[in-house]
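Source file: data_1.tsv; contents: TSV, C-alpha atoms (C1' of nucleotides).
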chain	number	residue	atom	x	y	z
A	1	MET	CA	93.36	208.13	91.77
A	2	ASN	CA	94.14	211.47	90.18
A	3	ALA	CA	91.99	210.80	87.19
A	4	ALA	CA	89.03	210.04	89.38
A	5	THR	CA	88.52	213.65	90.36
A	6	ASP	CA	87.02	214.86	87.14
A	7	ASN	CA	83.83	215.89	88.84
A	8	GLN	CA	84.82	219.41	89.58
A	9	ALA	CA	86.44	220.27	86.31
A	10	SER	CA	84.83	223.11	84.45
A	11	GLN	CA	85.42	221.37	81.18
A	12	GLU	CA	84.13	217.93	80.60
A	13	VAL	CA	86.26	215.10	79.46
A	14	GLN	CA	84.92	214.14	76.12
A	15	ALA	CA	86.06	210.56	76.20
A	16	SER	CA	84.44	210.14	79.58
A	17	PRO	CA	81.26	208.15	79.80
A	18	ALA	CA	79.46	211.04	81.42
A	19	ARG	CA	78.18	212.74	78.34
A	20	PHE	CA	75.02	214.46	79.52
A	21	THR	CA	75.33	216.73	82.52
A	22	GLY	CA	73.60	219.78	83.92
A	23	ARG	CA	70.11	221.11	84.30
A	24	TYR	CA	68.28	223.17	81.72
A	25	ALA	CA	64.87	224.73	81.51
A	26	GLY	CA	62.47	224.30	78.65
A	27	LYS	CA	58.88	224.61	77.61
A	28	ILE	CA	56.36	223.60	75.01
A	29	ASP	CA	55.39	226.17	72.45
A	30	ALA	CA	52.00	226.73	70.89
A	31	LYS	CA	52.59	224.05	68.30
A	32	GLY	CA	53.68	221.46	70.79
A	33	ARG	CA	57.36	221.73	70.05
A	34	ILE	CA	60.16	221.38	72.56
A	35	VAL	CA	63.63	222.85	72.22
A	36	VAL	CA	66.33	220.36	73.06
A	37	PRO	CA	69.03	222.18	75.03
A	38	PRO	CA	71.98	222.93	72.72
A	39	GLU	CA	74.39	221.31	75.16
A	40	PHE	CA	72.53	218.06	74.80
A	41	ARG	CA	71.81	218.38	71.14
A	42	GLN	CA	75.49	218.71	70.36
A	43	ARG	CA	75.95	215.27	71.84
A	44	LEU	CA	73.32	213.68	69.70
A	45	GLN	CA	74.07	212.43	66.23
A	46	ASN	CA	72.16	212.70	63.01
A	47	ASN	CA	69.63	215.07	64.50
A	48	GLU	CA	67.78	212.25	66.11
A	49	ILE	CA	66.84	211.56	69.67
A	50	PHE	CA	65.63	208.38	71.29
A	51	VAL	CA	63.05	208.63	74.02
A	52	PHE	CA	61.74	206.10	76.49
A	53	PRO	CA	59.13	206.59	79.21
A	54	HIS	CA	60.62	205.94	82.61
A	55	PHE	CA	59.25	202.79	84.19
A	56	ASP	CA	58.06	204.27	87.44
A	57	GLU	CA	58.44	207.98	87.27
A	58	PRO	CA	56.81	210.71	85.18
A	59	LEU	CA	60.01	211.24	83.25
A	60	LEU	CA	61.21	210.61	79.74
A	61	GLN	CA	64.65	209.14	79.33
A	62	CYS	CA	66.38	210.56	76.30
A	63	GLY	CA	69.61	209.84	74.53
A	64	ASP	CA	71.23	208.71	71.33
A	65	ASP	CA	71.01	205.37	69.64
A	66	GLN	CA	72.82	203.81	72.56
A	67	LEU	CA	69.81	204.38	74.77
A	68	VAL	CA	68.33	200.99	74.03
A	69	ASN	CA	71.56	199.26	74.87
A	70	ASP	CA	71.95	201.30	78.03
A	71	LEU	CA	68.48	200.43	79.18
A	72	LEU	CA	68.90	196.79	78.31
A	73	SER	CA	72.22	196.57	80.09
A	74	ALA	CA	70.46	197.78	83.20
A	75	LEU	CA	68.69	194.45	83.17
A	76	GLY	CA	72.01	192.74	83.68
A	77	GLY	CA	71.23	192.26	87.32
A	78	LEU	CA	68.25	190.11	86.56
A	79	ASP	CA	68.34	186.44	86.03
A	80	GLU	CA	68.77	185.63	82.41
A	81	PHE	CA	65.79	183.33	82.36
A	82	ASP	CA	63.56	185.42	84.52
A	83	GLU	CA	60.23	185.93	82.83
A	84	ASP	CA	60.16	189.49	84.06
A	85	ARG	CA	63.37	190.10	82.26
A	86	ALA	CA	61.93	188.98	78.97
A	87	ILE	CA	58.95	191.26	79.42
A	88	LEU	CA	61.16	194.19	80.29
A	89	GLU	CA	63.35	193.57	77.28
A	90	GLU	CA	60.33	193.60	75.03
A	91	GLU	CA	59.02	196.70	76.65
A	92	ILE	CA	62.30	198.49	76.15
A	93	THR	CA	62.96	197.55	72.57
A	94	GLY	CA	59.38	198.32	71.72
A	95	GLY	CA	58.94	201.40	73.82
A	96	VAL	CA	61.88	203.43	72.63
A	97	MET	CA	60.75	206.00	70.12
A	98	ARG	CA	63.08	207.56	67.61
A	99	LEU	CA	62.33	211.19	66.97
A	100	GLY	CA	63.84	213.77	64.68
A	101	ILE	CA	65.22	217.16	65.62
A	102	ASP	CA	64.81	219.97	63.14
A	103	ASP	CA	67.49	222.54	62.33
A	104	THR	CA	66.23	224.90	64.96
A	105	GLY	CA	66.78	222.27	67.59
A	106	ARG	CA	63.18	221.39	68.23
A	107	THR	CA	61.31	218.14	68.34
A	108	SER	CA	57.69	217.29	68.90
A	109	LEU	CA	56.73	214.41	71.09
A	110	PRO	CA	53.96	211.93	70.42
A	111	LYS	CA	51.03	212.54	72.67
A	112	SER	CA	51.56	209.33	74.59
A	113	LEU	CA	55.03	210.38	75.69
A	114	GLY	CA	53.92	213.83	76.69
A	115	GLU	CA	51.18	212.33	78.78
A	116	HIS	CA	53.50	209.93	80.52
A	117	ALA	CA	55.54	212.79	81.90
A	118	ALA	CA	52.52	215.09	82.22
A	119	LEU	CA	54.39	217.64	80.17
A	120	GLU	CA	52.86	221.06	80.34
A	121	GLY	CA	54.12	224.55	80.88
A	122	ALA	CA	57.59	224.72	82.40
A	123	LEU	CA	59.80	221.75	81.66
A	124	GLY	CA	63.20	220.67	82.79
A	125	PHE	CA	66.06	218.69	81.31
A	126	ALA	CA	68.50	216.94	83.59
A	127	GLY	CA	71.68	215.16	82.57
A	128	ARG	CA	72.06	211.60	83.77
A	129	GLY	CA	75.39	210.75	82.29
A	130	GLN	CA	74.70	208.23	79.59
A	131	HIS	CA	71.40	209.87	78.87
A	132	PHE	CA	69.24	212.68	80.15
A	133	VAL	CA	65.71	212.98	81.39
A	134	LEU	CA	62.86	215.30	80.54
A	135	GLY	CA	60.00	216.13	82.85
A	136	THR	CA	58.03	218.97	84.27
A	137	ALA	CA	60.08	221.57	86.10
A	138	ALA	CA	57.96	220.94	89.14
A	139	TYR	CA	58.74	217.25	89.26
A	140	LEU	CA	62.45	217.71	88.67
A	141	ASP	CA	62.59	220.38	91.35
A	142	GLN	CA	60.94	218.00	93.72
A	143	ARG	CA	63.46	215.32	92.86
A	144	ARG	CA	66.32	217.73	93.37
A	145	ASP	CA	65.03	218.75	96.77
A	146	ILE	CA	64.84	215.14	97.81
A	147	ALA	CA	68.34	214.51	96.52
A	148	ARG	CA	69.67	217.52	98.37
A	149	ALA	CA	68.03	216.45	101.55
A	150	ALA	CA	69.59	213.05	101.17
A	151	ALA	CA	72.95	214.60	100.44
A	152	THR	CA	72.69	216.75	103.53
A	153	LYS	CA	71.75	213.80	105.61
A	154	HIS	CA	74.78	211.91	104.45
A	155	ARG	CA	77.02	214.89	104.21
A	156	GLU	CA	79.63	213.51	106.52
A	157	THR	CA	79.89	210.33	104.57
A	158	LEU	CA	80.00	212.10	101.25
A	159	ARG	CA	82.58	214.58	102.36
A	160	ALA	CA	84.82	211.90	103.66
A	161	ARG	CA	84.59	209.91	100.51
A	162	MET	CA	84.64	212.20	97.57
A	163	LEU	CA	83.25	215.67	97.82
A	164	PRO	CA	85.49	217.85	99.93
A	165	SER	CA	84.37	220.93	98.04
A	166	VAL	CA	80.82	220.56	99.24
A	167	ARG	CA	81.81	221.57	102.70
A	168	SER	CA	80.89	225.21	102.62
A	169	ARG	CA	77.99	224.97	100.22
A	170	ARG	CA	74.45	225.03	101.40
A	171	SER	CA	71.28	225.46	99.47
A	172	SER	CA	69.35	228.49	100.34
B	1	MET	CA	85.42	206.95	63.51
B	2	ASN	CA	82.88	205.69	65.92
B	3	ALA	CA	83.98	202.16	65.40
B	4	ALA	CA	87.07	202.80	67.44
B	5	THR	CA	85.14	203.58	70.58
B	6	ASP	CA	83.62	200.23	71.30
B	7	ASN	CA	85.97	199.36	74.09
B	8	GLN	CA	83.36	197.67	76.16
B	9	ALA	CA	82.79	194.27	74.75
B	10	SER	CA	79.79	193.77	76.97
B	11	GLN	CA	77.85	196.38	75.09
B	12	GLU	CA	78.25	194.72	71.77
B	13	VAL	CA	74.74	193.34	71.97
B	14	GLN	CA	73.09	194.47	68.78
B	15	ALA	CA	75.30	195.58	65.98
B	16	SER	CA	72.33	196.57	63.88
B	17	PRO	CA	69.91	198.10	66.28
B	18	ALA	CA	66.25	197.55	66.17
B	19	ARG	CA	64.58	198.38	62.98
B	20	PHE	CA	61.12	198.40	64.45
B	21	THR	CA	60.79	200.48	67.58
B	22	GLY	CA	58.13	202.51	69.24
B	23	ARG	CA	54.45	202.17	69.80
B	24	TYR	CA	51.65	203.39	67.61
B	25	ALA	CA	47.90	203.38	67.77
B	26	GLY	CA	45.65	202.04	65.07
B	27	LYS	CA	42.18	200.85	64.36
B	28	ILE	CA	40.02	198.94	61.93
B	29	ASP	CA	37.81	200.93	59.66
B	30	ALA	CA	34.35	200.07	58.44
B	31	LYS	CA	35.72	197.94	55.63
B	32	GLY	CA	38.05	195.97	57.83
B	33	ARG	CA	41.18	197.78	56.79
B	34	ILE	CA	44.14	198.56	59.03
B	35	VAL	CA	46.65	201.33	58.52
B	36	VAL	CA	50.22	200.20	59.00
B	37	PRO	CA	52.10	202.96	60.85
B	38	PRO	CA	54.26	204.90	58.39
B	39	GLU	CA	57.35	204.39	60.53
B	40	PHE	CA	56.97	200.67	60.12
B	41	ARG	CA	55.83	200.73	56.55
B	42	GLN	CA	58.95	202.60	55.52
B	43	ARG	CA	60.96	199.66	56.74
B	44	LEU	CA	59.01	197.15	54.73
B	45	GLN	CA	59.86	196.44	51.15
B	46	ASN	CA	57.72	196.00	48.11
B	47	ASN	CA	54.57	197.01	49.91
B	48	GLU	CA	54.26	193.64	51.48
B	49	ILE	CA	54.02	192.50	55.05
B	50	PHE	CA	54.43	189.06	56.55
B	51	VAL	CA	52.23	188.09	59.45
B	52	PHE	CA	52.27	185.18	61.83
B	53	PRO	CA	50.15	184.56	64.92
B	54	HIS	CA	52.09	184.61	68.15
B	55	PHE	CA	52.35	181.18	69.74
B	56	ASP	CA	51.03	182.04	73.17
B	57	GLU	CA	49.70	185.54	73.06
B	58	PRO	CA	46.82	187.23	71.25
B	59	LEU	CA	49.26	189.09	69.04
B	60	LEU	CA	50.23	189.04	65.41
B	61	GLN	CA	53.92	189.14	64.65
B	62	CYS	CA	54.62	191.24	61.59
B	63	GLY	CA	57.67	192.02	59.55
B	64	ASP	CA	59.34	191.74	56.20
B	65	ASP	CA	60.54	188.63	54.47
B	66	GLN	CA	63.02	188.13	57.28
B	67	LEU	CA	60.20	187.26	59.61
B	68	VAL	CA	60.34	183.59	58.80
B	69	ASN	CA	64.03	183.47	59.54
B	70	ASP	CA	63.54	185.34	62.79
B	71	LEU	CA	60.84	183.01	63.93
B	72	LEU	CA	62.84	179.94	62.97
B	73	SER	CA	65.91	181.21	64.75
B	74	ALA	CA	63.79	181.65	67.85
B	75	LEU	CA	63.57	177.89	67.91
B	76	GLY	CA	67.27	177.73	68.52
B	77	GLY	CA	66.67	176.76	72.09
B	78	LEU	CA	65.08	173.54	71.05
B	79	ASP	CA	67.02	170.42	70.41
B	80	GLU	CA	67.83	170.07	66.79
B	81	PHE	CA	66.35	166.61	66.64
B	82	ASP	CA	63.39	167.31	68.78
B	83	GLU	CA	60.26	166.14	67.09
B	84	ASP	CA	58.38	169.21	68.30
B	85	ARG	CA	60.91	171.37	66.62
B	86	ALA	CA	60.19	169.87	63.26
B	87	ILE	CA	56.51	170.42	63.81
B	88	LEU	CA	57.02	174.02	64.79
B	89	GLU	CA	59.21	174.66	61.78
B	90	GLU	CA	56.49	173.41	59.54
B	91	GLU	CA	53.97	175.46	61.39
B	92	ILE	CA	56.00	178.59	60.89
B	93	THR	CA	57.00	178.22	57.31
B	94	GLY	CA	53.51	177.22	56.41
B	95	GLY	CA	51.71	179.66	58.64
B	96	VAL	CA	53.35	182.93	57.74
B	97	MET	CA	51.00	184.91	55.55
B	98	ARG	CA	52.18	187.41	53.02
B	99	LEU	CA	49.87	190.36	52.66
B	100	GLY	CA	49.88	193.39	50.43
B	101	ILE	CA	49.81	197.00	51.49
B	102	ASP	CA	48.02	199.44	49.23
B	103	ASP	CA	49.39	202.87	48.41
B	104	THR	CA	47.46	204.47	51.21
B	105	GLY	CA	49.29	202.25	53.64
B	106	ARG	CA	46.44	199.93	54.49
B	107	THR	CA	46.11	196.20	54.54
B	108	SER	CA	43.28	193.88	55.38
B	109	LEU	CA	43.81	190.76	57.39
B	110	PRO	CA	42.30	187.35	56.79
B	111	LYS	CA	39.61	186.62	59.28
B	112	SER	CA	41.62	183.90	61.00
B	113	LEU	CA	44.43	186.28	61.85
B	114	GLY	CA	42.10	188.93	63.12
B	115	GLU	CA	40.44	186.41	65.36
B	116	HIS	CA	43.70	185.18	66.79
B	117	ALA	CA	44.46	188.62	68.17
B	118	ALA	CA	40.80	189.43	68.82
B	119	LEU	CA	41.25	192.55	66.75
B	120	GLU	CA	38.45	195.01	67.20
B	121	GLY	CA	38.18	198.71	67.77
B	122	ALA	CA	41.35	200.30	69.09
B	123	LEU	CA	44.55	198.52	68.08
B	124	GLY	CA	48.18	198.95	68.91
B	125	PHE	CA	51.44	198.35	67.07
B	126	ALA	CA	54.59	197.75	69.08
B	127	GLY	CA	58.12	197.45	67.79
B	128	ARG	CA	60.01	194.33	68.74
B	129	GLY	CA	63.28	195.04	67.07
B	130	GLN	CA	63.51	192.74	64.11
B	131	HIS	CA	59.76	192.72	63.71
B	132	PHE	CA	56.72	194.26	65.33
B	133	VAL	CA	53.49	193.02	66.82
B	134	LEU	CA	49.88	193.96	66.35
B	135	GLY	CA	47.16	193.51	68.92
B	136	THR	CA	44.34	195.23	70.64
B	137	ALA	CA	45.26	198.41	72.43
B	138	ALA	CA	43.83	196.90	75.58
B	139	TYR	CA	46.11	193.88	75.46
B	140	LEU	CA	49.23	195.90	74.70
B	141	ASP	CA	48.41	198.30	77.49
B	142	GLN	CA	48.07	195.37	79.80
B	143	ARG	CA	51.47	194.09	78.74
B	144	ARG	CA	52.97	197.48	79.42
B	145	ASP	CA	51.42	197.59	82.86
B	146	ILE	CA	52.87	194.19	83.61
B	147	ALA	CA	56.28	195.37	82.49
B	148	ARG	CA	56.08	198.43	84.68
B	149	ALA	CA	55.05	196.37	87.62
B	150	ALA	CA	58.01	194.10	87.00
B	151	ALA	CA	60.30	197.11	86.87
B	152	THR	CA	58.96	198.30	90.18
B	153	LYS	CA	59.35	194.86	91.65
B	154	HIS	CA	62.99	194.74	90.64
B	155	ARG	CA	63.53	198.40	91.27
B	156	GLU	CA	66.42	197.99	93.65
B	157	THR	CA	68.21	195.69	91.27
B	158	LEU	CA	67.68	197.99	88.33
B	159	ARG	CA	68.41	201.17	90.19
B	160	ALA	CA	72.01	200.29	90.73
B	161	ARG	CA	72.61	200.43	86.99
B	162	MET	CA	69.85	202.47	85.55
B	163	LEU	CA	68.65	204.95	88.11
B	164	PRO	CA	71.21	206.95	89.94
B	165	SER	CA	70.09	209.16	92.76
B	166	VAL	CA	67.03	209.24	94.82
B	167	ARG	CA	65.80	206.17	96.51
B	168	SER	CA	62.16	205.38	96.52
B	169	ARG	CA	60.26	208.07	98.16
B	170	ARG	CA	58.34	205.88	100.49
B	171	SER	CA	56.28	208.54	101.84
B	172	SER	CA	55.07	209.07	105.26
C	1	DT	C1'	23.64	188.88	38.89
C	2	DT	C1'	24.88	189.82	43.68
C	3	DG	C1'	27.82	190.18	47.38
C	4	DT	C1'	32.70	190.63	48.61
C	5	DT	C1'	37.33	192.09	48.20
C	6	DT	C1'	40.94	194.84	46.15
C	7	DC	C1'	42.53	198.93	44.13
C	8	DC	C1'	42.61	203.74	43.52
C	9	DC	C1'	41.07	208.62	43.97
C	10	DA	C1'	39.67	212.84	46.59
C	11	DT	C1'	39.75	215.60	50.53
C	12	DG	C1'	40.76	217.51	54.89
C	13	DA	C1'	43.97	217.27	58.72
C	14	DT	C1'	48.32	216.77	60.67
C	15	DG	C1'	52.96	217.27	61.08
C	16	DA	C1'	57.72	218.06	59.13
C	17	DC	C1'	60.49	221.36	57.29
C	18	DC	C1'	62.16	225.80	56.47
C	19	DC	C1'	62.60	230.84	56.91
C	20	DA	C1'	62.66	235.27	59.34
C	21	DT	C1'	63.45	238.05	63.19
C	22	DG	C1'	64.86	239.59	67.56
C	23	DA	C1'	67.52	238.41	71.64
C	24	DT	C1'	71.57	236.71	73.85
C	25	DA	C1'	76.06	235.30	74.39
C	26	DT	C1'	80.84	235.20	72.68
C	27	DC	C1'	84.78	236.90	70.71
C	28	DC	C1'	87.98	240.22	69.01
C	29	DC	C1'	90.36	244.33	68.82
C	30	DA	C1'	91.28	248.97	69.69
D	1	DT	C1'	88.01	247.59	79.55
D	2	DG	C1'	84.53	248.98	76.47
D	3	DG	C1'	82.21	248.49	72.29
D	4	DG	C1'	81.23	246.57	68.08
D	5	DA	C1'	81.10	242.40	65.12
D	6	DT	C1'	79.83	237.72	64.89
D	7	DA	C1'	77.78	233.45	65.98
D	8	DT	C1'	74.36	231.01	68.38
D	9	DC	C1'	69.94	230.64	70.12
D	10	DA	C1'	64.81	231.39	71.05
D	11	DT	C1'	60.58	231.97	69.04
D	12	DG	C1'	56.82	232.56	65.85
D	13	DG	C1'	54.91	231.44	61.74
D	14	DG	C1'	54.25	229.89	56.71
D	15	DT	C1'	54.48	226.29	53.33
D	16	DC	C1'	54.42	221.92	51.64
D	17	DA	C1'	54.60	216.91	51.95
D	18	DT	C1'	52.67	213.22	54.17
D	19	DC	C1'	49.03	210.98	56.31
D	20	DA	C1'	44.19	209.60	57.76
D	21	DT	C1'	39.87	208.64	56.16
D	22	DG	C1'	35.83	207.85	53.44
D	23	DG	C1'	34.09	206.25	49.46
D	24	DG	C1'	33.68	204.82	44.53
D	25	DA	C1'	35.04	201.78	40.78
D	26	DA	C1'	36.86	197.62	39.21
D	27	DA	C1'	38.00	192.76	39.82
D	28	DC	C1'	36.57	188.52	41.65
D	29	DA	C1'	33.78	184.74	43.58
D	30	DA	C1'	29.60	182.49	44.32

C-alpha cells encoding of this file:
Amino acid sequence: MNAATDNQASQEVQASPARFTGRYAGKIDAKGRIVVPPEFRQRLQNNEIFVFPHFDEPLLQCGDDQLVNDLLSALGGLDEFDEDRAILEEEITGGVMRLGIDDTGRTSLPKSLGEHAALEGALGFAGRGQHFVLGTAAYLDQRRDIARAAATKHRETLRARMLPSVRSRRSS
Amino acid sequence: MNAATDNQASQEVQASPARFTGRYAGKIDAKGRIVVPPEFRQRLQNNEIFVFPHFDEPLLQCGDDQLVNDLLSALGGLDEFDEDRAILEEEITGGVMRLGIDDTGRTSLPKSLGEHAALEGALGFAGRGQHFVLGTAAYLDQRRDIARAAATKHRETLRARMLPSVRSRRSS
DNA sequence: TTGTTTCCCATGATGACCCATGATATCCCA
DNA sequence: TGGGATATCATGGGTCATCATGGGAAACAA
C-alpha cells in the first residue's frame, strides 16, 4: 500500500507507467509550427511523435511508438469478433500519424489533424499518463472545469478513498 | 536497453509496428496518374508497388512484395482443405498486379483496378500496417465516420481503458 | 501513321532543417 | 543571499531539399 501513494510526490517515478503528466500551454506560430513541451519531448524517443485524432472529442492524442498499442489495447473490452472492433482497429492503425520533431522542439501538423482539434491561437497540452492530448486551451479549460465540478461533487468519496490532501484545496 | 522493459506480455502485440500508417490525400491528374504519398513510397522498394482489389470493399490494397504473403496469411481462418480457400489463393496470387512508380512518385493504374475502387477526383490513402489502401476520399471518409460512430457506441467500454476522466457531457 | 502509354524534364510551391538571438530558468560560488 | 555564469528554451527567419504538377518526348500498339 505504501507504494500506491506516488501521486503526491514532487518527483515522478520513472519506471512508473504514468509518463506524461501536467498541463502546458502552447500556440501555433506564423509558419504553423507547434512547440512540444520540453517535459513531454524528453519522454519521446528519436525525435518523433505519434498523433491520433480522438474518436469523439476535438483532441489529438499524442505519444511515442507505443501509442498504437495503447489505443488498440483499449479495444480489449470489445468482443474479439465484433465487426465494430475490426473497424476500430483499422481506423487506429491507419489513423496514427508519425511526425518528426526538429531540434528546436517543434513539429508541424498536417492540416487534417489541426482541423480535427480546431487548433488555433492558444493551445494546451495535458498529460494522460501513457500519452498526452493536444487541443485548444479553451476546450481543455472546459474539460478541466467539468472534471473539477465532478471532483467536487464526489469529494467525500474521493477523500475517503485516496486524496486526503485535497481537503483544504478549492479552485478559485 | 528497452528490451528489458517489456514486462507486460499482453502488450506484445506487434513486434515490428506498422510500416504504413497515417492518412493522405491524393487525386488523379489529367493523364490518369496518381501520386503515391512520399511516406508510403519510401517504404516501398525498387520503385514498384503491388496492388490487389479488396474482396468486399471498393478499395485497392497496396504494398510491397510482401503483399501477397499478407493476403494469403489472411486466409488463415479458413480450413486448410476448404475448396474455397484454394480458389481464393489462386485469385490472390494471380490477381496481384505489380506496377511501377516513376521518379516523380507517380503510377498509373490499369482501368480494371481503377474501376474496382471507383477512383475519380479526390482520393485517399490510408495505412493499414503491413500495407495500405487506396480509395475515393468519399469512401474513406465514410469509413472513418463509421469507426467514430462505433467508438461512440462503445464509449463506456472504451472509456475504462482509454479515456480517463470526464464522463459524457450529456448536456441539459 | 495515329492514338496511347511510359518516361523524363522543368518549374513553382511546400515543408524540413538549421541558425541566430533574446528571454528565462537553473546552478554555483563568493 | 545575491549575483554572475551557464544551460535550456522560445521565437523568428533563411536556406535548401523534397514534392506537386504540367507537359513534352520517346516507346509502343493498333

Skipping near chain neighbours, those fewer than 5 positions away, what residues fall within 10 Å of B:Phe132 using only C-alpha atoms (C1' of nucleotides), listed as an MDAnalysis selection string?
-> (chainID A and resid 94) or (chainID B and resid 19:23 40 51 59:64 67 125:127)

How many Å separate atom CA of B:Ala86 from atom CA of B:Pro58?
->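 Separation between atom CA of B:Ala86 and atom CA of B:Pro58: 23.3 Å.
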
Please, what distance in Å, to one decimal, runs between atom CA of A:Arg43 and atom CA of A:His131?
-> 10.0 Å

Cα RMSD of chain B after least-squares fit onto chain A, all atoms paired in order = 5.0 Å

Check every residue of chain A for an atom within 7 Å of chain B, counting all atoms listed in the file, and provide those that qualify as a VMD selection string.
-> chain A and resid 55 to 56 69 71 74 to 75 77 84 87 to 88 90 to 91 93 to 97 146 to 147
